[in-house]
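**Q** Structure below; questions to follow.
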Amino acid sequence: MKDLLDGPLKVVNIGLEHFAADLRAAGVEVVEVDWSPPPAGPAALALAARLESGTPAGDRIDAANRVAVKRLLSGDPVLVDVCRAEDVVPGMRDRLLLHAGPPVDWARMCGPMRGAAAGASVLEGWAEDLDAAATLAAQGGLDFEPNHDHDAVGPMTGIISRSMPVMVVENRRFGNRAFCPLNEGLGRVLRFGGNDGVVRERLRWLERVLGPALGAALRSVGGIALKGLVARGLSAGDEMHQRNVACTGLLLRELAPALARSVEERETLAAILAFIAGNDQFFLNVAMALGKAMADPARGVPASSVVTAMARNGTDFGIRLSGTGELWFTAPVEMPRGLYFPGFTEADANPDMGDSTIVETVGLGGFAMAAAPAVAGFVGAGSAAHAAGFTRRMYEITCARNPEWTIPALDFAGVPAGIDARRVVASGIAPTINTGIAHREAGVGQVGAGVVRPPMACFERALSGLADTLPAEGPERVP
(Lines give C-alpha, C1' and ligand atoms only; values in the text may rest on other atoms or scores of the structure.)
Protein backbone atom coordinates (compact mmCIF):
# COMPACT_ATOMS: atom_id res chain seq x y z
CA MET A 1 0.00 0.00 0.00
CA LYS A 2 2.85 2.41 0.84
CA ASP A 3 4.52 1.74 -2.51
CA LEU A 4 1.21 2.37 -4.25
CA LEU A 5 0.65 5.68 -2.48
CA ASP A 6 4.24 6.85 -2.89
CA GLY A 7 4.33 6.03 -6.63
CA PRO A 8 3.19 8.22 -9.50
CA LEU A 9 -0.53 8.87 -9.62
CA LYS A 10 -2.47 7.20 -12.46
CA VAL A 11 -6.16 7.86 -12.86
CA VAL A 12 -8.96 6.11 -14.72
CA ASN A 13 -11.62 8.71 -15.56
CA ILE A 14 -15.11 7.37 -16.17
CA GLY A 15 -17.64 9.67 -17.78
CA LEU A 16 -17.23 13.45 -17.92
CA GLU A 17 -14.28 14.43 -20.09
CA HIS A 18 -13.50 17.74 -18.35
CA PHE A 19 -12.35 15.88 -15.23
CA ALA A 20 -9.65 14.21 -17.33
CA ALA A 21 -8.71 17.52 -18.92
CA ASP A 22 -8.16 19.13 -15.50
CA LEU A 23 -5.98 16.22 -14.38
CA ARG A 24 -3.89 16.33 -17.54
CA ALA A 25 -3.37 20.05 -17.03
CA ALA A 26 -1.90 19.16 -13.63
CA GLY A 27 0.46 16.63 -15.21
CA VAL A 28 -1.44 13.52 -14.09
CA GLU A 29 -1.57 10.47 -16.37
CA VAL A 30 -5.21 9.73 -17.23
CA VAL A 31 -6.96 6.91 -19.07
CA GLU A 32 -10.45 7.86 -20.24
CA VAL A 33 -13.37 5.42 -20.28
CA ASP A 34 -16.30 6.53 -22.43
CA TRP A 35 -19.23 5.47 -20.27
CA SER A 36 -22.67 6.77 -19.47
CA PRO A 37 -25.73 5.16 -17.91
CA PRO A 38 -27.64 3.04 -20.45
CA PRO A 39 -30.30 5.22 -22.10
CA ALA A 40 -32.73 2.35 -22.54
CA GLY A 41 -35.67 2.13 -20.18
CA PRO A 42 -36.25 -0.69 -17.64
CA ALA A 43 -38.47 -2.72 -19.99
CA ALA A 44 -35.91 -2.61 -22.78
CA LEU A 45 -33.06 -3.55 -20.46
CA ALA A 46 -35.09 -6.44 -19.06
CA LEU A 47 -35.83 -7.58 -22.59
CA ALA A 48 -32.14 -7.48 -23.53
CA ALA A 49 -31.27 -9.45 -20.38
CA ARG A 50 -33.81 -12.17 -21.20
CA LEU A 51 -32.35 -12.50 -24.71
CA GLU A 52 -28.67 -12.42 -23.76
CA SER A 53 -26.27 -15.33 -24.17
CA GLY A 54 -26.75 -18.09 -21.62
CA THR A 55 -30.54 -17.96 -21.66
CA PRO A 56 -32.59 -20.40 -23.81
CA ALA A 57 -33.70 -17.59 -26.12
CA GLY A 58 -30.24 -16.03 -26.10
CA ASP A 59 -28.51 -19.26 -27.09
CA ARG A 60 -30.91 -19.63 -30.01
CA ILE A 61 -30.18 -16.06 -31.07
CA ASP A 62 -26.42 -16.69 -30.78
CA ALA A 63 -26.68 -19.68 -33.12
CA ALA A 64 -28.74 -17.68 -35.61
CA ASN A 65 -26.28 -14.78 -35.45
CA ARG A 66 -23.41 -17.08 -36.33
CA VAL A 67 -25.25 -18.04 -39.51
CA ALA A 68 -26.07 -14.42 -40.41
CA VAL A 69 -22.54 -13.17 -39.76
CA LYS A 70 -21.02 -16.03 -41.76
CA ARG A 71 -23.17 -15.01 -44.73
CA LEU A 72 -22.15 -11.39 -44.28
CA LEU A 73 -18.42 -12.10 -44.10
CA SER A 74 -18.29 -14.70 -46.88
CA GLY A 75 -19.73 -12.46 -49.59
CA ASP A 76 -17.79 -11.85 -52.81
CA PRO A 77 -18.88 -8.44 -54.17
CA VAL A 78 -17.84 -7.61 -57.74
CA LEU A 79 -18.59 -4.39 -59.65
CA VAL A 80 -19.89 -5.83 -62.92
CA ASP A 81 -21.77 -3.14 -64.86
CA VAL A 82 -23.38 0.29 -65.05
CA CYS A 83 -26.90 0.34 -66.53
CA ARG A 84 -30.02 2.47 -66.70
CA ALA A 85 -32.10 1.93 -63.57
CA GLU A 86 -35.20 0.90 -65.50
CA ASP A 87 -33.23 -1.91 -67.16
CA VAL A 88 -31.93 -3.58 -64.00
CA VAL A 89 -33.53 -2.34 -60.76
CA PRO A 90 -36.37 -4.71 -59.77
CA GLY A 91 -39.78 -3.05 -59.86
CA MET A 92 -38.61 0.22 -61.43
CA ARG A 93 -41.46 1.82 -63.37
CA ASP A 94 -42.75 5.10 -64.77
CA ARG A 95 -43.57 7.83 -62.23
CA LEU A 96 -41.74 5.93 -59.47
CA LEU A 97 -39.01 7.64 -57.46
CA LEU A 98 -36.90 5.57 -55.09
CA HIS A 99 -35.58 7.39 -52.02
CA ALA A 100 -33.24 6.87 -49.10
CA GLY A 101 -34.33 5.52 -45.73
CA PRO A 102 -37.52 3.85 -44.55
CA PRO A 103 -40.86 4.67 -46.23
CA VAL A 104 -41.89 8.33 -46.29
CA ASP A 105 -44.56 10.18 -48.27
CA TRP A 106 -44.43 13.65 -49.80
CA ALA A 107 -46.23 15.29 -46.86
CA ARG A 108 -43.51 14.17 -44.40
CA MET A 109 -40.49 14.60 -46.66
CA CYS A 110 -37.72 16.97 -45.67
CA GLY A 111 -36.77 19.94 -47.85
CA PRO A 112 -33.72 18.46 -49.63
CA MET A 113 -35.56 15.24 -50.52
CA ARG A 114 -38.49 17.19 -51.91
CA GLY A 115 -36.06 19.27 -53.93
CA ALA A 116 -34.31 16.21 -55.34
CA ALA A 117 -37.65 14.56 -56.17
CA ALA A 118 -38.77 17.67 -58.03
CA GLY A 119 -35.49 17.84 -59.94
CA ALA A 120 -35.74 14.19 -60.95
CA SER A 121 -39.32 14.72 -62.13
CA VAL A 122 -38.22 17.53 -64.45
CA LEU A 123 -35.28 15.41 -65.61
CA GLU A 124 -37.64 12.58 -66.58
CA GLY A 125 -40.06 14.93 -68.36
CA TRP A 126 -42.90 14.31 -65.93
CA ALA A 127 -43.16 18.04 -65.17
CA GLU A 128 -42.17 21.20 -67.03
CA ASP A 129 -40.55 22.92 -64.08
CA LEU A 130 -39.86 22.52 -60.37
CA ASP A 131 -43.12 24.12 -59.24
CA ALA A 132 -45.12 21.83 -61.50
CA ALA A 133 -43.15 18.87 -60.17
CA ALA A 134 -43.98 19.79 -56.57
CA THR A 135 -47.67 20.12 -57.46
CA LEU A 136 -47.58 16.76 -59.21
CA ALA A 137 -46.10 15.09 -56.13
CA ALA A 138 -48.48 16.79 -53.71
CA GLN A 139 -51.47 15.62 -55.77
CA GLY A 140 -50.33 11.99 -55.70
CA GLY A 141 -48.98 11.89 -59.25
CA LEU A 142 -45.73 10.21 -58.18
CA ASP A 143 -45.00 7.01 -56.31
CA PHE A 144 -42.32 6.98 -53.60
CA GLU A 145 -40.69 3.79 -52.33
CA PRO A 146 -37.49 3.05 -50.37
CA ASN A 147 -34.39 2.04 -52.30
CA HIS A 148 -33.91 -0.90 -49.95
CA ASP A 149 -37.19 -2.42 -51.17
CA HIS A 150 -35.67 -2.60 -54.66
CA ASP A 151 -32.20 -4.04 -53.87
CA ALA A 152 -30.80 -0.51 -54.13
CA VAL A 153 -29.20 2.21 -52.02
CA GLY A 154 -28.62 5.91 -52.61
CA PRO A 155 -26.59 8.59 -50.78
CA MET A 156 -28.26 11.45 -48.89
CA THR A 157 -31.69 12.01 -50.56
CA GLY A 158 -31.05 8.75 -52.41
CA ILE A 159 -33.39 9.64 -55.27
CA ILE A 160 -33.29 7.19 -58.19
CA SER A 161 -35.47 7.58 -61.29
CA ARG A 162 -35.78 5.33 -64.30
CA SER A 163 -33.18 6.96 -66.59
CA MET A 164 -30.41 7.29 -64.03
CA PRO A 165 -27.34 5.06 -64.46
CA VAL A 166 -26.75 2.73 -61.54
CA MET A 167 -23.71 0.66 -60.66
CA VAL A 168 -24.36 -3.05 -60.43
CA VAL A 169 -22.52 -5.02 -57.75
CA GLU A 170 -22.96 -8.77 -57.85
CA ASN A 171 -22.30 -10.94 -54.81
CA ARG A 172 -20.88 -13.96 -56.60
CA ARG A 173 -20.96 -16.08 -53.47
CA PHE A 174 -24.77 -15.86 -53.20
CA GLY A 175 -25.86 -14.62 -56.64
CA ASN A 176 -27.68 -11.47 -55.50
CA ARG A 177 -27.18 -8.00 -56.94
CA ALA A 178 -27.31 -4.48 -55.50
CA PHE A 179 -27.57 -1.08 -57.20
CA CYS A 180 -26.44 2.47 -56.46
CA PRO A 181 -26.39 5.62 -58.61
CA LEU A 182 -23.11 7.06 -59.85
CA ASN A 183 -21.56 9.74 -57.65
CA GLU A 184 -22.38 13.12 -59.16
CA GLY A 185 -19.23 14.85 -58.02
CA LEU A 186 -18.86 17.96 -55.91
CA GLY A 187 -20.81 21.20 -55.59
CA ARG A 188 -24.55 21.48 -56.12
CA VAL A 189 -25.86 17.95 -56.66
CA LEU A 190 -29.17 16.09 -56.56
CA ARG A 191 -28.19 13.95 -53.59
CA PHE A 192 -28.02 17.08 -51.41
CA GLY A 193 -31.25 18.51 -52.81
CA GLY A 194 -29.80 20.47 -55.75
CA ASN A 195 -32.21 20.59 -58.68
CA ASP A 196 -31.38 23.45 -61.07
CA GLY A 197 -30.41 23.26 -64.73
CA VAL A 198 -26.72 22.69 -63.98
CA VAL A 199 -27.57 19.73 -61.76
CA ARG A 200 -29.87 18.21 -64.38
CA GLU A 201 -27.34 18.72 -67.18
CA ARG A 202 -24.69 16.84 -65.19
CA LEU A 203 -27.16 14.02 -64.61
CA ARG A 204 -27.78 13.83 -68.35
CA TRP A 205 -24.01 13.58 -68.94
CA LEU A 206 -23.86 10.72 -66.45
CA GLU A 207 -26.69 9.00 -68.30
CA ARG A 208 -25.42 9.54 -71.86
CA VAL A 209 -21.64 9.52 -71.49
CA LEU A 210 -20.15 8.32 -68.21
CA GLY A 211 -22.60 5.50 -67.47
CA PRO A 212 -22.36 3.77 -70.87
CA ALA A 213 -18.56 4.13 -70.92
CA LEU A 214 -18.15 2.63 -67.45
CA GLY A 215 -20.56 -0.17 -68.27
CA ALA A 216 -18.66 -1.10 -71.44
CA ALA A 217 -15.32 -0.98 -69.61
CA LEU A 218 -16.54 -3.19 -66.75
CA ARG A 219 -18.08 -5.74 -69.08
CA SER A 220 -14.87 -5.92 -71.11
CA VAL A 221 -12.81 -6.94 -68.06
CA GLY A 222 -15.41 -9.19 -66.49
CA GLY A 223 -15.94 -6.90 -63.49
CA ILE A 224 -13.71 -5.63 -60.69
CA ALA A 225 -13.50 -7.56 -57.40
CA LEU A 226 -14.07 -5.17 -54.52
CA LYS A 227 -13.21 -6.98 -51.31
CA GLY A 228 -9.44 -6.83 -51.82
CA LEU A 229 -9.66 -3.26 -53.07
CA VAL A 230 -11.38 -2.20 -49.84
CA ALA A 231 -8.71 -4.00 -47.81
CA ARG A 232 -6.02 -1.98 -49.56
CA GLY A 233 -7.99 1.21 -49.01
CA LEU A 234 -8.19 0.58 -45.26
CA SER A 235 -4.40 0.21 -45.20
CA ALA A 236 -4.09 3.52 -47.05
CA GLY A 237 -6.26 5.63 -44.73
CA ASP A 238 -9.80 5.23 -46.10
CA GLU A 239 -12.84 4.24 -44.04
CA MET A 240 -15.17 4.20 -47.09
CA HIS A 241 -17.71 6.76 -45.93
CA GLN A 242 -16.21 10.22 -45.54
CA ARG A 243 -12.77 9.28 -46.91
CA ASN A 244 -12.49 7.39 -50.21
CA VAL A 245 -9.33 8.94 -51.66
CA ALA A 246 -7.30 5.73 -51.87
CA CYS A 247 -10.09 3.50 -53.14
CA THR A 248 -11.14 6.03 -55.77
CA GLY A 249 -7.55 6.04 -57.04
CA LEU A 250 -7.30 2.25 -56.96
CA LEU A 251 -10.58 1.89 -58.83
CA LEU A 252 -9.51 4.41 -61.45
CA ARG A 253 -6.26 2.51 -61.96
CA GLU A 254 -8.28 -0.65 -62.62
CA LEU A 255 -10.71 1.12 -64.95
CA ALA A 256 -8.36 3.36 -66.96
CA PRO A 257 -6.97 0.77 -69.42
CA ALA A 258 -10.45 -0.62 -70.14
CA LEU A 259 -11.84 2.90 -70.61
CA ALA A 260 -9.00 3.74 -72.99
CA ARG A 261 -9.92 0.71 -75.11
CA SER A 262 -13.68 1.29 -75.08
CA VAL A 263 -13.95 5.10 -75.47
CA GLU A 264 -12.99 6.16 -78.98
CA GLU A 265 -13.00 9.96 -78.68
CA ARG A 266 -9.95 11.30 -76.83
CA GLU A 267 -11.72 14.34 -75.41
CA THR A 268 -14.54 12.21 -74.06
CA LEU A 269 -12.03 9.84 -72.47
CA ALA A 270 -10.16 12.79 -70.95
CA ALA A 271 -13.41 14.20 -69.52
CA ILE A 272 -14.32 10.84 -67.95
CA LEU A 273 -10.90 10.33 -66.39
CA ALA A 274 -10.84 13.91 -65.10
CA PHE A 275 -14.31 13.57 -63.59
CA ILE A 276 -13.42 10.46 -61.60
CA ALA A 277 -9.94 11.69 -60.63
CA GLY A 278 -11.36 15.02 -59.47
CA ASN A 279 -13.91 13.47 -57.12
CA ASP A 280 -12.36 11.86 -54.04
CA GLN A 281 -15.77 10.51 -53.03
CA PHE A 282 -16.43 8.63 -56.27
CA PHE A 283 -15.87 5.28 -54.56
CA LEU A 284 -18.44 5.98 -51.83
CA ASN A 285 -21.31 4.89 -54.08
CA VAL A 286 -19.40 1.73 -55.02
CA ALA A 287 -18.90 0.97 -51.32
CA MET A 288 -22.62 1.45 -50.72
CA ALA A 289 -23.59 -1.04 -53.41
CA LEU A 290 -20.93 -3.40 -52.02
CA GLY A 291 -22.43 -3.07 -48.54
CA LYS A 292 -25.95 -3.76 -49.77
CA ALA A 293 -24.79 -6.79 -51.79
CA MET A 294 -22.99 -8.22 -48.74
CA ALA A 295 -25.73 -7.49 -46.19
CA ASP A 296 -28.73 -8.81 -48.10
CA PRO A 297 -27.79 -12.53 -47.91
CA ALA A 298 -27.76 -12.18 -44.11
CA ARG A 299 -31.48 -11.34 -44.13
CA GLY A 300 -34.13 -13.81 -43.11
CA VAL A 301 -32.24 -15.96 -40.59
CA PRO A 302 -34.92 -16.84 -37.99
CA ALA A 303 -34.13 -15.50 -34.49
CA SER A 304 -31.08 -13.50 -35.60
CA SER A 305 -30.58 -10.10 -33.95
CA VAL A 306 -27.97 -8.99 -36.50
CA VAL A 307 -28.72 -5.63 -38.17
CA THR A 308 -29.00 -5.97 -41.96
CA ALA A 309 -29.87 -2.36 -42.84
CA MET A 310 -29.68 1.11 -41.32
CA ALA A 311 -31.07 4.03 -43.29
CA ARG A 312 -32.53 7.50 -42.81
CA ASN A 313 -34.69 9.80 -44.91
CA GLY A 314 -34.29 13.14 -43.17
CA THR A 315 -37.43 12.48 -41.13
CA ASP A 316 -37.07 8.96 -39.72
CA PHE A 317 -34.21 6.61 -38.94
CA GLY A 318 -34.95 2.94 -39.63
CA ILE A 319 -33.23 -0.39 -39.08
CA ARG A 320 -33.90 -3.97 -40.12
CA LEU A 321 -32.88 -7.17 -38.36
CA SER A 322 -32.07 -10.47 -40.00
CA GLY A 323 -34.67 -12.32 -37.94
CA THR A 324 -37.51 -9.92 -38.78
CA GLY A 325 -36.93 -9.74 -42.54
CA GLU A 326 -38.25 -6.66 -44.33
CA LEU A 327 -39.82 -4.92 -41.32
CA TRP A 328 -38.59 -1.42 -40.56
CA PHE A 329 -38.21 -0.27 -36.96
CA THR A 330 -38.17 3.51 -36.93
CA ALA A 331 -37.83 6.58 -34.72
CA PRO A 332 -37.38 10.29 -35.45
CA VAL A 333 -33.95 10.86 -36.97
CA GLU A 334 -31.41 12.92 -35.07
CA MET A 335 -29.24 15.88 -36.05
CA PRO A 336 -25.60 15.22 -36.93
CA ARG A 337 -22.90 16.77 -34.77
CA GLY A 338 -19.93 18.05 -36.72
CA LEU A 339 -18.19 20.87 -38.52
CA TYR A 340 -19.86 23.34 -40.85
CA PHE A 341 -18.55 25.02 -43.96
CA PRO A 342 -17.88 28.78 -43.66
CA GLY A 343 -21.10 30.75 -43.51
CA PHE A 344 -23.26 27.88 -42.19
CA THR A 345 -24.30 26.75 -38.72
CA GLU A 346 -26.40 24.04 -37.14
CA ALA A 347 -29.45 26.23 -37.69
CA ASP A 348 -29.05 25.65 -41.44
CA ALA A 349 -28.77 21.86 -41.21
CA ASN A 350 -31.28 19.19 -42.12
CA PRO A 351 -31.66 16.13 -39.89
CA ASP A 352 -29.57 13.20 -41.05
CA MET A 353 -30.45 11.30 -44.22
CA GLY A 354 -29.20 8.71 -46.69
CA ASP A 355 -28.70 4.99 -47.27
CA SER A 356 -24.93 5.37 -46.90
CA THR A 357 -25.19 3.87 -43.40
CA ILE A 358 -25.07 0.53 -45.21
CA VAL A 359 -21.27 0.86 -45.08
CA GLU A 360 -21.37 1.01 -41.26
CA THR A 361 -23.75 -1.97 -41.33
CA VAL A 362 -20.94 -4.08 -42.83
CA GLY A 363 -18.16 -2.66 -40.64
CA LEU A 364 -16.82 0.33 -42.57
CA GLY A 365 -17.32 4.08 -42.15
CA GLY A 366 -17.53 5.06 -38.49
CA PHE A 367 -16.77 1.46 -37.49
CA ALA A 368 -13.41 1.68 -39.28
CA MET A 369 -12.49 5.16 -38.05
CA ALA A 370 -9.21 3.83 -36.63
CA ALA A 371 -8.05 3.23 -40.21
CA ALA A 372 -8.68 6.87 -41.17
CA PRO A 373 -7.59 9.20 -38.35
CA ALA A 374 -7.79 12.18 -40.72
CA VAL A 375 -11.56 11.70 -40.84
CA ALA A 376 -12.01 12.31 -37.11
CA GLY A 377 -11.02 15.94 -37.47
CA PHE A 378 -12.99 16.44 -40.68
CA VAL A 379 -16.27 15.30 -39.11
CA GLY A 380 -15.64 17.06 -35.81
CA ALA A 381 -15.20 13.83 -33.86
CA GLY A 382 -12.03 14.91 -32.09
CA SER A 383 -8.35 14.63 -32.87
CA ALA A 384 -6.65 11.88 -34.86
CA ALA A 385 -5.79 10.23 -31.56
CA HIS A 386 -9.50 9.71 -30.86
CA ALA A 387 -10.12 7.74 -34.07
CA ALA A 388 -9.14 4.36 -32.61
CA GLY A 389 -11.57 4.86 -29.73
CA PHE A 390 -14.55 4.95 -32.09
CA THR A 391 -13.62 1.59 -33.59
CA ARG A 392 -12.92 0.01 -30.20
CA ARG A 393 -16.38 0.99 -28.96
CA MET A 394 -17.97 -0.67 -31.99
CA TYR A 395 -16.37 -3.99 -31.03
CA GLU A 396 -18.64 -3.95 -27.97
CA ILE A 397 -21.84 -4.09 -30.04
CA THR A 398 -20.79 -6.48 -32.81
CA CYS A 399 -20.58 -10.26 -33.12
CA ALA A 400 -17.29 -10.67 -35.00
CA ARG A 401 -14.27 -9.12 -36.65
CA ASN A 402 -13.76 -9.25 -40.39
CA PRO A 403 -10.44 -11.07 -40.99
CA GLU A 404 -10.22 -9.74 -44.57
CA TRP A 405 -10.61 -6.07 -43.67
CA THR A 406 -7.96 -5.17 -41.10
CA ILE A 407 -6.73 -1.94 -39.51
CA PRO A 408 -2.96 -1.40 -39.25
CA ALA A 409 -3.30 1.03 -36.33
CA LEU A 410 -4.99 -1.70 -34.26
CA ASP A 411 -2.29 -4.31 -34.95
CA PHE A 412 -4.28 -5.44 -37.99
CA ALA A 413 -7.40 -6.33 -36.05
CA GLY A 414 -10.41 -6.91 -38.27
CA VAL A 415 -13.11 -4.26 -38.50
CA PRO A 416 -16.16 -4.79 -36.23
CA ALA A 417 -18.82 -6.79 -38.09
CA GLY A 418 -22.38 -7.89 -37.38
CA ILE A 419 -24.20 -5.32 -35.24
CA ASP A 420 -26.12 -7.17 -32.50
CA ALA A 421 -29.26 -5.26 -31.48
CA ARG A 422 -29.15 -6.95 -28.06
CA ARG A 423 -25.72 -5.51 -27.32
CA VAL A 424 -26.74 -2.05 -28.48
CA VAL A 425 -29.67 -1.96 -26.06
CA ALA A 426 -27.83 -3.59 -23.15
CA SER A 427 -24.73 -1.37 -23.42
CA GLY A 428 -26.36 1.88 -24.47
CA ILE A 429 -23.72 2.19 -27.21
CA ALA A 430 -25.30 3.20 -30.50
CA PRO A 431 -23.46 2.70 -33.81
CA THR A 432 -21.16 5.53 -34.88
CA ILE A 433 -22.03 6.84 -38.34
CA ASN A 434 -19.96 9.27 -40.40
CA THR A 435 -22.13 11.51 -42.53
CA GLY A 436 -22.46 14.58 -44.68
CA ILE A 437 -24.75 17.41 -43.60
CA ALA A 438 -27.27 18.91 -46.02
CA HIS A 439 -28.96 22.29 -45.85
CA ARG A 440 -32.55 21.99 -44.68
CA GLU A 441 -33.82 23.85 -47.76
CA ALA A 442 -33.89 22.43 -51.27
CA GLY A 443 -31.29 23.62 -53.74
CA VAL A 444 -28.54 24.73 -51.35
CA GLY A 445 -26.54 21.51 -50.96
CA GLN A 446 -23.95 20.29 -48.49
CA VAL A 447 -23.11 22.54 -45.56
CA GLY A 448 -20.84 20.33 -43.47
CA ALA A 449 -19.85 16.87 -42.27
CA GLY A 450 -20.20 15.13 -38.95
CA VAL A 451 -21.08 12.11 -36.87
CA VAL A 452 -24.55 10.86 -36.00
CA ARG A 453 -25.94 7.99 -33.95
CA PRO A 454 -29.22 6.15 -34.51
CA PRO A 455 -32.01 6.71 -31.97
CA MET A 456 -31.91 3.98 -29.34
CA ALA A 457 -35.67 3.54 -29.80
CA CYS A 458 -35.04 1.86 -33.17
CA PHE A 459 -33.09 -0.92 -31.48
CA GLU A 460 -35.52 -1.26 -28.58
CA ARG A 461 -38.44 -1.68 -30.98
CA ALA A 462 -36.47 -4.05 -33.18
CA LEU A 463 -35.65 -6.22 -30.19
CA SER A 464 -39.33 -6.33 -29.26
CA GLY A 465 -40.17 -7.29 -32.82
CA LEU A 466 -37.60 -10.07 -32.71
CA ALA A 467 -38.97 -11.30 -29.38
CA ASP A 468 -42.38 -11.66 -31.03
CA THR A 469 -40.87 -14.25 -33.40
CA LEU A 470 -39.59 -16.37 -30.51
CA PRO A 471 -41.60 -18.81 -28.33
CA ALA A 472 -44.58 -17.42 -26.44
CA GLU A 473 -42.77 -17.26 -23.12
CA GLY A 474 -40.75 -14.36 -24.48
CA PRO A 475 -40.71 -11.07 -22.54
CA GLU A 476 -43.07 -8.18 -22.73
CA ARG A 477 -42.95 -5.69 -25.61
CA VAL A 478 -41.32 -2.28 -25.51
CA PRO A 479 -43.70 0.38 -26.85
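Ordering of the C-alpha coordinates sets the chain letters (A, B, ...), residue numbers begin anew at 1 in every chain, and ligands are numbered from 1 in the order given.
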Might you pull out every residue within 9 Å of Gly323 in chain A, with only C-alpha atoms counted and same-chain residues fewer than 4 positions away left off, and present them as number ranges by chain?
**A** A: 64, 299-307, 466, 469
**Q** Among range 284-439 of chain A, which residues carry a DSSP assignment of helix (DSSP H, G or I), reported as JSON, numbers by chain?
**A** {"A": [284, 285, 286, 287, 288, 289, 290, 291, 292, 293, 294, 295, 296, 297, 298, 322, 323, 324, 346, 347, 348, 358, 359, 360, 361, 365, 366, 367, 368, 369, 370, 371, 373, 374, 375, 376, 377, 378, 384, 385, 386, 387, 388, 389, 390, 391, 392, 393, 394, 395, 408, 409, 410, 421, 422, 423, 424, 425, 426, 427]}
**Q** Would you kindly return, as a VMD selection string, each protein, DNA or RNA residue with an atom no farther than 10 Å from any atom of Thr432 in chain A, considering only C-alpha atoms and excluding same-chain residues fewer than 2 positions away?
**A** chain A and resid 357 360 365 to 369 390 to 391 393 to 394 429 to 430 434 to 435 451 to 454
**Q** Which residues, written as a PDB file with N, CA and C atoms, in the first residue's frame, have at least one atom at most 12 Å from Gly343 in chain A, with only C-alpha atoms counted and residues fewer than 5 positions away on the same chain left out?
**A**
```pdb
ATOM      1  N   ASP A 348     -28.801  25.860 -40.017  1.00  0.00           N
ATOM      2  CA  ASP A 348     -29.053  25.648 -41.439  1.00  0.00           C
ATOM      3  C   ASP A 348     -29.231  24.173 -41.796  1.00  0.00           C
ATOM      4  N   ALA A 349     -28.903  23.279 -40.882  1.00  0.00           N
ATOM      5  CA  ALA A 349     -28.770  21.861 -41.212  1.00  0.00           C
ATOM      6  C   ALA A 349     -30.095  21.127 -41.228  1.00  0.00           C
ATOM      7  N   HIS A 439     -28.128  21.143 -46.247  1.00  0.00           N
ATOM      8  CA  HIS A 439     -28.955  22.292 -45.854  1.00  0.00           C
ATOM      9  C   HIS A 439     -30.410  21.850 -45.797  1.00  0.00           C
ATOM     10  N   GLN A 446     -24.664  20.703 -49.689  1.00  0.00           N
ATOM     11  CA  GLN A 446     -23.946  20.286 -48.491  1.00  0.00           C
ATOM     12  C   GLN A 446     -23.435  21.496 -47.718  1.00  0.00           C
ATOM     13  N   VAL A 447     -23.573  21.427 -46.392  1.00  0.00           N
ATOM     14  CA  VAL A 447     -23.112  22.539 -45.557  1.00  0.00           C
ATOM     15  C   VAL A 447     -22.107  22.092 -44.506  1.00  0.00           C
ATOM     16  N   GLY A 448     -21.798  20.795 -44.454  1.00  0.00           N
ATOM     17  CA  GLY A 448     -20.835  20.334 -43.468  1.00  0.00           C
ATOM     18  C   GLY A 448     -20.714  18.823 -43.464  1.00  0.00           C
TER      19      GLY A 448
END
```
**Q** May I have all residues of range 194-330 of chain A that DSSP, computed from the backbone, assigns to strand (DSSP E or B), given as a PyMOL selection string?
**A** chain A and resi 224-225+306-313+316-321+329-330
**Q** For CA of Ala216 in chain A and CA of Arg261 in chain A, quote the distance in Å rounded to one decimal.
**A** 9.6 Å
**Q** Hey, what's within 6 Å of Asn147 in chain A if we count only C-alpha atoms and toss same-chain stuff fewer than 3 positions away? As a list in words, please?
**A**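 In the requested form, the answer reads Leu98, His99, Ala100, His150, Ala152 and Val153 of chain A.
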**Q** Using only C-alpha atoms, find the one residue out of A:Asp94, A:Asp355, A:Asp149, A:Glu86 that sits nearest to Gly325 in chain A.
**A** A:Asp149
**Q** Do a neighbour search on Val82 in chain A at 6 Å with only C-alpha atoms, toss out local chain neighbours closer than 2 positions, and write the hits as a count of residues only.
**A** 5
**Q** Between A:Asn176, A:Thr406, A:Thr268, A:Ser161, which is the closest to Val209 in chain A once you count only C-alpha atoms?
**A** A:Thr268
**Q** Counting only C-alpha atoms, which of A:Leu252, A:Phe144, A:Leu290, A:Glu264 gets nearest to Asn171 in chain A?
**A**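 Smallest separation from Asn171 in chain A among the options: A:Leu290.
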**Q** Between CA of Val245 in chain A and CA of Phe282 in chain A, what distance in Å does the model show, to one decimal?
**A**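 Rounded to one decimal, the two atoms are 8.5 Å apart.
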**Q** Residues at most 12 Å from Ala287 in chain A, counting only C-alpha atoms, excluding those fewer than 4 positions away in the same chain, as a ChimeraX atom specification?
**A** /A:77-79,153-155,167-169,178-183,225-227,229-231,233,238-244,247-248,251,281-283,291-294,355-365
**Q** Could you tell me which of A:Phe412, A:Tyr395, A:Tyr340, A:Phe329 comes closest to Gly465 in chain A if we count only C-alpha atoms?
**A**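 Looking at the shortest contact to Gly465 in chain A, the residue is A:Phe329.
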**Q** Smallest atom-to-atom distance to His148 in chain A: which of A:Ala85, A:Val263, A:Ile319, A:Met456, using only C-alpha atoms?
**A**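 For His148 in chain A, the nearest of the candidates is A:Ile319.
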**Q** Please indicate the distance in Å from CA of Phe174 in chain A to CA of Lys70 in chain A, rounded to one decimal place.
**A**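 According to the coordinates, CA of Phe174 in chain A and CA of Lys70 in chain A are separated by 12.0 Å.
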**Q** Can you list every residue of range 366-438 of chain A that has an atom at most 8 Å from range 43-55 of chain A, with its nearest atom pair and the distance in Å to one decimal, using only C-alpha atoms, ordered by chain then number, as a tab-separated table?
**A**
```
residue	atom	partner	partner_atom	distance
A:Arg422	CA	A:Ala48	CA	5.5
A:Arg423	CA	A:Ala48	CA	7.7
A:Val425	CA	A:Ala48	CA	6.6
A:Ala426	CA	A:Ala48	CA	5.8
```
**Q** Any chance you can output those residues with N, CA and C atoms as a PDB file, in the first residue's frame?
**A**
```pdb
ATOM      1  N   ARG A 422     -29.127  -6.691 -29.505  1.00  0.00           N
ATOM      2  CA  ARG A 422     -29.147  -6.950 -28.058  1.00  0.00           C
ATOM      3  C   ARG A 422     -28.038  -6.159 -27.368  1.00  0.00           C
ATOM      4  N   ARG A 423     -26.860  -6.186 -27.938  1.00  0.00           N
ATOM      5  CA  ARG A 423     -25.719  -5.511 -27.320  1.00  0.00           C
ATOM      6  C   ARG A 423     -25.879  -3.997 -27.353  1.00  0.00           C
ATOM      7  N   VAL A 425     -28.734  -2.332 -27.112  1.00  0.00           N
ATOM      8  CA  VAL A 425     -29.674  -1.964 -26.057  1.00  0.00           C
ATOM      9  C   VAL A 425     -29.051  -2.160 -24.683  1.00  0.00           C
ATOM     10  N   ALA A 426     -28.379  -3.293 -24.465  1.00  0.00           N
ATOM     11  CA  ALA A 426     -27.828  -3.586 -23.146  1.00  0.00           C
ATOM     12  C   ALA A 426     -26.705  -2.630 -22.757  1.00  0.00           C
TER      13      ALA A 426
END
```
